[in-house]
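Heads up, input.cif below (mmCIF, C-alpha atoms):
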```cif
data_model
#
loop_
_atom_site.label_atom_id
_atom_site.label_comp_id
_atom_site.auth_asym_id
_atom_site.auth_seq_id
_atom_site.Cartn_x
_atom_site.Cartn_y
_atom_site.Cartn_z
CA MET A 196 50.87 -15.18 -154.84
CA ALA A 197 48.39 -12.75 -153.30
CA ASP A 198 45.60 -11.45 -155.49
CA ARG A 199 46.57 -8.25 -157.25
CA LYS A 200 44.49 -5.49 -158.78
CA PRO A 201 44.11 -5.53 -162.59
CA ILE A 202 47.07 -4.00 -164.43
CA GLN A 203 46.18 -0.52 -165.66
CA SER A 204 49.64 0.72 -166.64
CA TRP A 205 52.83 -0.88 -167.95
CA LEU A 206 56.52 -0.15 -167.60
CA THR A 207 58.93 -2.13 -169.75
CA ASP A 208 62.68 -2.24 -170.14
CA MET A 209 63.99 -1.73 -173.67
CA ASP A 210 67.18 -3.76 -174.30
CA GLY A 211 66.53 -7.47 -173.92
CA VAL A 212 62.74 -7.00 -173.85
CA LEU A 213 61.79 -5.01 -176.95
CA ILE A 214 65.09 -5.12 -178.87
CA HIS A 215 68.27 -7.17 -178.87
CA GLU A 216 71.47 -5.81 -180.46
CA GLY A 217 69.50 -3.41 -182.63
CA VAL A 218 66.89 -5.93 -183.79
CA PRO A 219 63.26 -5.99 -182.55
CA ILE A 220 62.30 -9.04 -180.52
CA PRO A 221 59.36 -10.88 -182.09
CA GLY A 222 56.11 -9.65 -180.58
CA ALA A 223 57.47 -6.26 -179.49
CA ASP A 224 55.66 -4.41 -182.27
CA ARG A 225 52.34 -6.12 -181.43
CA PHE A 226 52.79 -5.39 -177.72
CA LEU A 227 53.45 -1.68 -178.30
CA LYS A 228 50.62 -1.39 -180.84
CA LYS A 229 48.13 -2.91 -178.41
CA LEU A 230 49.37 -0.65 -175.62
CA ARG A 231 48.84 2.45 -177.76
CA GLU A 232 45.39 1.27 -178.84
CA SER A 233 44.36 0.47 -175.25
CA GLY A 234 44.97 4.01 -174.06
CA LYS A 235 46.63 2.66 -170.92
CA PRO A 236 49.58 4.68 -169.57
CA PHE A 237 52.94 3.11 -170.35
CA LEU A 238 56.66 3.83 -170.35
CA VAL A 239 59.66 2.28 -172.06
CA LEU A 240 62.60 2.51 -169.67
CA THR A 241 66.34 2.30 -170.14
CA ASN A 242 69.29 2.65 -167.79
CA ASN A 243 71.32 3.93 -170.74
CA SER A 244 71.77 7.68 -170.32
CA ILE A 245 73.46 8.37 -173.68
CA TYR A 246 70.38 9.21 -175.72
CA THR A 247 67.56 11.73 -175.36
CA PRO A 248 63.97 10.49 -175.64
CA ARG A 249 63.85 12.06 -179.11
CA ASP A 250 66.96 10.09 -180.13
CA LEU A 251 65.50 6.84 -178.80
CA HIS A 252 62.15 7.48 -180.49
CA ALA A 253 63.95 7.84 -183.83
CA ARG A 254 66.17 4.79 -183.27
CA LEU A 255 63.19 2.60 -182.33
CA ARG A 256 61.13 3.87 -185.27
CA ARG A 257 63.92 2.84 -187.67
CA MET A 258 63.55 -0.65 -186.21
CA GLY A 259 59.80 -0.60 -186.82
CA LEU A 260 58.81 0.13 -183.23
CA ASP A 261 56.62 3.16 -182.60
CA VAL A 262 57.14 4.59 -179.11
CA PRO A 263 56.03 8.22 -178.61
CA ILE A 264 58.67 10.51 -177.10
CA GLU A 265 56.53 11.12 -174.02
CA ASN A 266 56.48 7.37 -173.32
CA ILE A 267 60.25 7.06 -172.93
CA TRP A 268 61.92 7.31 -169.51
CA THR A 269 65.71 7.14 -169.09
CA SER A 270 68.06 7.00 -166.12
CA ALA A 271 69.25 10.48 -167.17
CA MET A 272 65.71 11.81 -166.77
CA ALA A 273 65.32 10.08 -163.39
CA THR A 274 68.67 11.56 -162.29
CA ALA A 275 67.62 15.05 -163.37
CA GLN A 276 64.29 14.71 -161.56
CA PHE A 277 66.11 13.61 -158.39
CA LEU A 278 68.53 16.55 -158.53
CA ASP A 279 65.71 19.00 -159.21
CA ASP A 280 63.90 17.72 -156.11
CA GLN A 281 67.06 17.77 -153.98
CA ARG A 282 68.70 21.01 -155.04
CA PRO A 283 66.73 23.06 -157.60
CA ASP A 284 68.71 25.32 -159.95
CA GLY A 285 71.96 23.73 -158.89
CA SER A 286 75.19 23.03 -160.77
CA ALA A 287 76.99 19.90 -161.90
CA TYR A 288 80.15 18.66 -163.52
CA VAL A 289 78.94 16.02 -165.97
CA ILE A 290 80.63 13.05 -167.56
CA GLY A 291 78.16 11.79 -170.14
CA GLU A 292 76.42 12.32 -173.44
CA ALA A 293 73.51 14.40 -174.78
CA GLY A 294 70.88 12.33 -173.01
CA LEU A 295 72.26 13.41 -169.63
CA THR A 296 73.33 16.96 -170.41
CA THR A 297 69.99 17.70 -172.07
CA ALA A 298 68.02 16.34 -169.11
CA LEU A 299 70.04 18.55 -166.73
CA HIS A 300 69.70 21.61 -168.96
CA ASP A 301 65.93 21.04 -169.06
CA ILE A 302 65.66 21.37 -165.26
CA GLY A 303 67.73 24.55 -165.26
CA TYR A 304 71.04 23.14 -164.07
CA ILE A 305 74.32 24.91 -164.80
CA LEU A 306 77.01 22.58 -166.15
CA THR A 307 80.38 23.68 -164.83
CA ASP A 308 83.70 22.47 -163.45
CA HIS A 309 83.92 25.40 -161.00
CA GLU A 310 82.75 24.39 -157.52
CA PRO A 311 79.76 22.33 -158.73
CA ASP A 312 77.14 21.04 -156.32
CA TYR A 313 77.40 17.60 -157.91
CA VAL A 314 79.60 15.41 -160.03
CA VAL A 315 77.21 13.45 -162.24
CA LEU A 316 78.51 10.35 -164.00
CA GLY A 317 76.60 8.79 -166.88
CA GLU A 318 77.16 6.53 -169.85
CA THR A 319 79.57 7.50 -172.62
CA ARG A 320 81.59 5.62 -175.21
CA THR A 321 84.59 7.92 -174.62
CA TYR A 322 85.44 7.95 -170.90
CA SER A 323 88.57 10.09 -170.62
CA PHE A 324 91.25 9.92 -167.96
CA GLU A 325 91.28 13.71 -167.83
CA ALA A 326 87.54 13.88 -167.09
CA MET A 327 87.77 11.17 -164.42
CA THR A 328 90.69 12.97 -162.79
CA LYS A 329 88.67 16.19 -162.73
CA ALA A 330 85.75 14.32 -161.15
CA VAL A 331 87.98 12.85 -158.45
CA ARG A 332 89.37 16.28 -157.54
CA LEU A 333 85.95 17.94 -157.47
CA ILE A 334 84.54 15.20 -155.22
CA ASN A 335 87.54 15.53 -152.93
CA ASP A 336 86.78 19.26 -152.79
CA GLY A 337 83.21 18.62 -151.65
CA ALA A 338 81.05 17.94 -154.70
CA ARG A 339 78.40 15.27 -154.15
CA PHE A 340 78.76 12.13 -156.28
CA ILE A 341 75.75 11.00 -158.36
CA CYS A 342 75.54 8.26 -161.02
CA THR A 343 72.79 7.60 -163.52
CA ASN A 344 72.96 3.82 -163.08
CA PRO A 345 75.07 1.04 -161.55
CA ASP A 346 75.45 -1.17 -164.64
CA GLU A 347 79.07 -2.31 -164.71
CA THR A 348 79.04 -3.40 -168.35
CA GLY A 349 77.03 -2.54 -171.43
CA PRO A 350 76.35 -4.52 -174.61
CA SER A 351 77.97 -4.04 -177.99
CA THR A 352 78.31 -6.13 -181.12
CA GLU A 353 81.96 -6.77 -180.20
CA GLY A 354 81.15 -7.82 -176.62
CA PRO A 355 80.72 -6.19 -173.20
CA LEU A 356 81.93 -2.61 -172.65
CA PRO A 357 82.85 -0.97 -169.32
CA ALA A 358 79.84 1.07 -168.21
CA THR A 359 78.90 3.62 -165.57
CA GLY A 360 79.15 1.28 -162.60
CA ALA A 361 82.70 0.24 -163.48
CA VAL A 362 83.87 3.84 -163.86
CA ALA A 363 82.06 4.78 -160.65
CA ALA A 364 84.05 2.08 -158.84
CA LEU A 365 87.28 3.65 -160.08
CA ILE A 366 86.24 7.09 -158.82
CA THR A 367 85.08 5.63 -155.50
CA LYS A 368 88.43 3.90 -155.07
CA ALA A 369 90.22 7.20 -155.70
CA THR A 370 88.00 9.32 -153.43
CA GLY A 371 86.59 6.98 -150.80
CA LYS A 372 83.13 8.36 -151.71
CA LYS A 373 80.34 6.10 -152.92
CA PRO A 374 77.82 7.56 -155.41
CA TYR A 375 74.06 7.66 -155.23
CA PHE A 376 72.66 5.70 -158.18
CA ALA A 377 69.39 7.10 -159.55
CA GLY A 378 68.63 4.39 -162.13
CA LYS A 379 67.51 0.79 -161.77
CA PRO A 380 67.48 -1.09 -159.44
CA ASN A 381 66.73 2.04 -157.41
CA PRO A 382 62.92 2.07 -157.14
CA LEU A 383 63.20 5.86 -157.41
CA MET A 384 63.38 5.45 -161.19
CA MET A 385 60.15 3.45 -161.13
CA ARG A 386 58.34 5.86 -158.84
CA THR A 387 59.35 8.99 -160.76
CA GLY A 388 58.33 7.23 -163.97
CA LEU A 389 54.94 6.27 -162.53
CA ASN A 390 54.43 9.85 -161.38
CA ALA A 391 55.26 11.10 -164.87
CA ILE A 392 52.36 9.12 -166.37
CA GLY A 393 49.98 9.51 -163.42
CA ALA A 394 50.04 5.81 -162.57
CA HIS A 395 49.97 3.93 -159.26
CA SER A 396 52.24 1.04 -158.32
CA GLU A 397 49.34 -1.15 -157.11
CA THR A 398 47.90 -1.29 -160.63
CA SER A 399 51.17 -1.25 -162.60
CA ALA A 400 53.52 -3.90 -163.95
CA MET A 401 57.23 -3.89 -164.80
CA ILE A 402 58.63 -6.09 -167.58
CA GLY A 403 62.36 -6.77 -167.68
CA ASP A 404 65.06 -9.20 -168.70
CA ARG A 405 67.24 -8.82 -165.60
CA MET A 406 66.45 -10.09 -162.13
CA ASP A 407 69.01 -7.81 -160.45
CA THR A 408 67.73 -4.54 -161.93
CA ASP A 409 64.32 -4.71 -163.62
CA VAL A 410 62.59 -7.23 -161.38
CA LEU A 411 64.23 -5.93 -158.20
CA ALA A 412 63.29 -2.32 -158.95
CA GLY A 413 59.73 -3.22 -159.89
CA MET A 414 59.26 -5.37 -156.81
CA GLU A 415 60.64 -2.71 -154.45
CA ALA A 416 58.38 -0.10 -156.07
CA GLY A 417 55.36 -2.30 -155.31
CA MET A 418 54.54 -3.39 -158.86
CA GLN A 419 53.81 -6.74 -160.43
CA THR A 420 56.90 -8.00 -162.25
CA PHE A 421 57.36 -10.06 -165.39
CA LEU A 422 60.72 -11.57 -166.34
CA VAL A 423 61.26 -12.30 -170.04
CA LEU A 424 63.91 -14.80 -171.08
CA THR A 425 65.12 -12.91 -174.16
CA GLY A 426 67.85 -10.97 -172.36
CA LEU A 427 70.51 -11.37 -169.70
CA THR A 428 68.93 -13.53 -166.99
CA ARG A 429 68.87 -17.22 -167.97
CA PRO A 430 66.13 -19.62 -166.80
CA ASP A 431 68.55 -21.56 -164.59
CA GLN A 432 69.56 -18.36 -162.76
CA VAL A 433 66.09 -17.32 -161.57
CA GLU A 434 65.96 -19.61 -158.54
CA GLY A 435 69.35 -18.34 -157.37
CA PHE A 436 67.89 -14.97 -156.37
CA PRO A 437 66.27 -14.42 -152.95
CA TYR A 438 63.21 -12.83 -154.59
CA ARG A 439 60.95 -13.90 -157.43
CA PRO A 440 59.13 -12.15 -160.26
CA SER A 441 55.35 -12.37 -160.34
CA GLN A 442 55.69 -14.45 -163.51
CA VAL A 443 58.39 -15.71 -165.88
CA VAL A 444 57.53 -15.77 -169.60
CA ASP A 445 59.50 -16.66 -172.70
CA SER A 446 59.19 -13.27 -174.36
CA ILE A 447 57.19 -10.04 -174.69
CA ALA A 448 54.94 -11.85 -177.18
CA ASP A 449 53.47 -13.82 -174.28
CA LEU A 450 52.19 -10.63 -172.65
CA VAL A 451 50.29 -9.12 -175.58
CA ASP A 452 47.03 -10.70 -174.45
CA ARG A 453 47.52 -9.39 -170.89
CA ILE A 454 46.95 -5.78 -171.98
#
```
Step by step, read the file and then write its structure as structure tokens.
Amino acid sequence: MADRKPIQSWLTDMDGVLIHEGVPIPGADRFLKKLRESGKPFLVLTNNSIYTPRDLHARLRRMGLDVPIENIWTSAMATAQFLDDQRPDGSAYVIGEAGLTTALHDIGYILTDHEPDYVVLGETRTYSFEAMTKAVRLINDGARFICTNPDETGPSTEGPLPATGAVAALITKATGKKPYFAGKPNPLMMRTGLNAIGAHSETSAMIGDRMDTDVLAGMEAGMQTFLVLTGLTRPDQVEGFPYRPSQVVDSIADLVDRI
């Protein structure tokens, strides 16, 4: 591994790194406390577009994890930033929750089902056939297809749930149009996040529990990458990927002393 510059800023995934099924992972509180005390820029990232940063701040605080609102970056926020850069003051038909609609409102987008510039698909627990049918027809009529993230399933206490990527596949099958995914593993989410905290990829690190999203996105954005084994990617799966993280560690607790 080539010598890298010292890490001056940190990006970390949330589910599987800091929390697991609503419970903090041991060491997460110490890691976040040391980050705050260090004064180094950092972001907690999630591909889940359901919640606003304020919602996530409150949910994490109830678990004993203190993450300031300004240190939370979601795929909904990355999607909104992308649309604001591409087509400022545009319009969109949205399938999603408050995290996505709020992010689009904040950039001045009009949410409409009348000749929108974009169809934007995000995470929701109540995907409706009516909404998907509307999306298909709008895309066929010329709306551009955007998705917050490509995750095909999401976690729940009862087991995996169909997620944005699975619903996107249905719409693609019906329209013949593939979406642009703004969230991980698109390095766009990393780069917009780094810009938001004034950080540079050469001196930043990404921590994640998935090789195919977190590590891939961090690597393609030019960051050091750390894979923790408290989430989805198992130790025996790491060597099956054509790329490697900078380091594999058991959990976030092993990185506290790296700050």
Inset, instruction - Mind checking which residues fall within 8 Å of region 436-446 of chain A, counting only C-alpha atoms, ignoring those fewer than 4 positions away in the same chain, and posting them as a list in words? - result: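 Listing them by chain and then by number gives Met196, Val212, Gly222, Met406, Val410, Leu411, Met414, Gln419, Thr420, Phe421, Leu422, Val423, Leu424, Thr425, Gln432 and Leu450 of chain A.
Residues selected in this file by the PyMOL selection byres ((chain A and resi 311-313) around 7) comprise Gly285, Ser286, Ala287, Tyr288, Thr307, Asp308, His309, Glu310, Val314, Val315, Ala338, Arg339, Phe340 and Ile341 of chain A.
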Inset, instruction - Figure out the distance between CA of Thr269 (chain A) and CA of Arg386 (chain A), please, to one decimal in Å. - result: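 Interatomic distance, CA of Arg386 (chain A) to CA of Thr269 (chain A): 12.7 Å.
The interatomic distance for the pair CA of Asn243 (chain A) and CA of Asp336 (chain A) works out to 28.2 Å.
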Legend entry - Among the residues A:Met209, A:Leu295, A:Met418, A:Leu316, the one that comes closest to Thr398 (chain A) [using all atoms listed in the file]: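 Of the candidates, the smallest distance to Thr398 (chain A) is held by A:Met418.
Close contacts of Val218 (chain A), defined as residues with an atom at most 12 Å away when counting only C-alpha atoms, with chain neighbours fewer than 2 positions off set aside, comprise Met209, Asp210, Gly211, Val212, Leu213, Ile214, His215, Glu216, Ile220, Pro221, Gly222, Ala223, Asp224, Arg254, Leu255, Arg256, Arg257, Met258, Gly259, Leu260 and Thr352 of chain A.
Taking all atoms listed in the file into account, Phe324 (chain A) lies nearest to A:Leu365 out of the set A:Thr359, A:Asp431, A:Leu365, A:Asp449.
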Inset, instruction - Would you kindly return, as a ChimeraX atom specification, each protein, DNA or RNA residue with an atom no farther than 12 Å from any atom of Thr321 (chain A), considering only C-alpha atoms and excluding same-chain residues fewer than 2 positions away? - result: /A:245,290-292,317-319,323-327,356-359,362
Inset, instruction - List the neighbours of Ala271 (chain A) out to 9 Å using all atoms listed in the file; skip same-chain residues closer than 3 positions along the sequence, and give me the result as a list in words. - result: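 Using all atoms listed in the file, the neighbours found are Asn242, Asn243, Ser244, Ile245, Tyr246, Thr247, Trp268, Thr274, Ala275, Gln276, Gly294, Leu295, Thr296, Thr297, Ala298, Leu299, Gly317, Thr343, Asn344, Ala377 and Gly378 of chain A.
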Selected residues, C-alpha atoms, written as a compact mmCIF listing (two decimals), keeping the file's coordinate frame, please.
```txt
# COMPACT_ATOMS: atom_id res chain seq x y z
CA ASN A 242 69.29 2.65 -167.79
CA ASN A 243 71.32 3.93 -170.74
CA SER A 244 71.77 7.68 -170.32
CA ILE A 245 73.46 8.37 -173.68
CA TYR A 246 70.38 9.21 -175.72
CA THR A 247 67.56 11.73 -175.36
CA TRP A 268 61.92 7.31 -169.51
CA THR A 274 68.67 11.56 -162.29
CA ALA A 275 67.62 15.05 -163.37
CA GLN A 276 64.29 14.71 -161.56
CA GLY A 294 70.88 12.33 -173.01
CA LEU A 295 72.26 13.41 -169.63
CA THR A 296 73.33 16.96 -170.41
CA THR A 297 69.99 17.70 -172.07
CA ALA A 298 68.02 16.34 -169.11
CA LEU A 299 70.04 18.55 -166.73
CA GLY A 317 76.60 8.79 -166.88
CA THR A 343 72.79 7.60 -163.52
CA ASN A 344 72.96 3.82 -163.08
CA ALA A 377 69.39 7.10 -159.55
CA GLY A 378 68.63 4.39 -162.13
```
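Comparing A:Arg320, A:Arg453, A:Arg282, A:His300 by their smallest distance to Phe226 (chain A), the closest is A:Arg453 (using only C-alpha atoms).
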Legend entry - Distance query Lys229 (chain A) at most 9 Å, all atoms listed in the file, self and fewer than 4 positions along chain excluded, as a PyMOL selection string: chain A and resi 224-225+233-234+451-452+454
Inset, instruction - List the residues matched by the PyMOL selection byres ((chain A and resi 400) around 7) in the displayed structure as a count of residues only, ordered by chain and then by residue number. - result: 10
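Nearest to Pro219 (chain A) of all the residues A:Arg231, A:Asp261, A:Ile305, A:Arg249 is A:Asp261, counting all atoms listed in the file.
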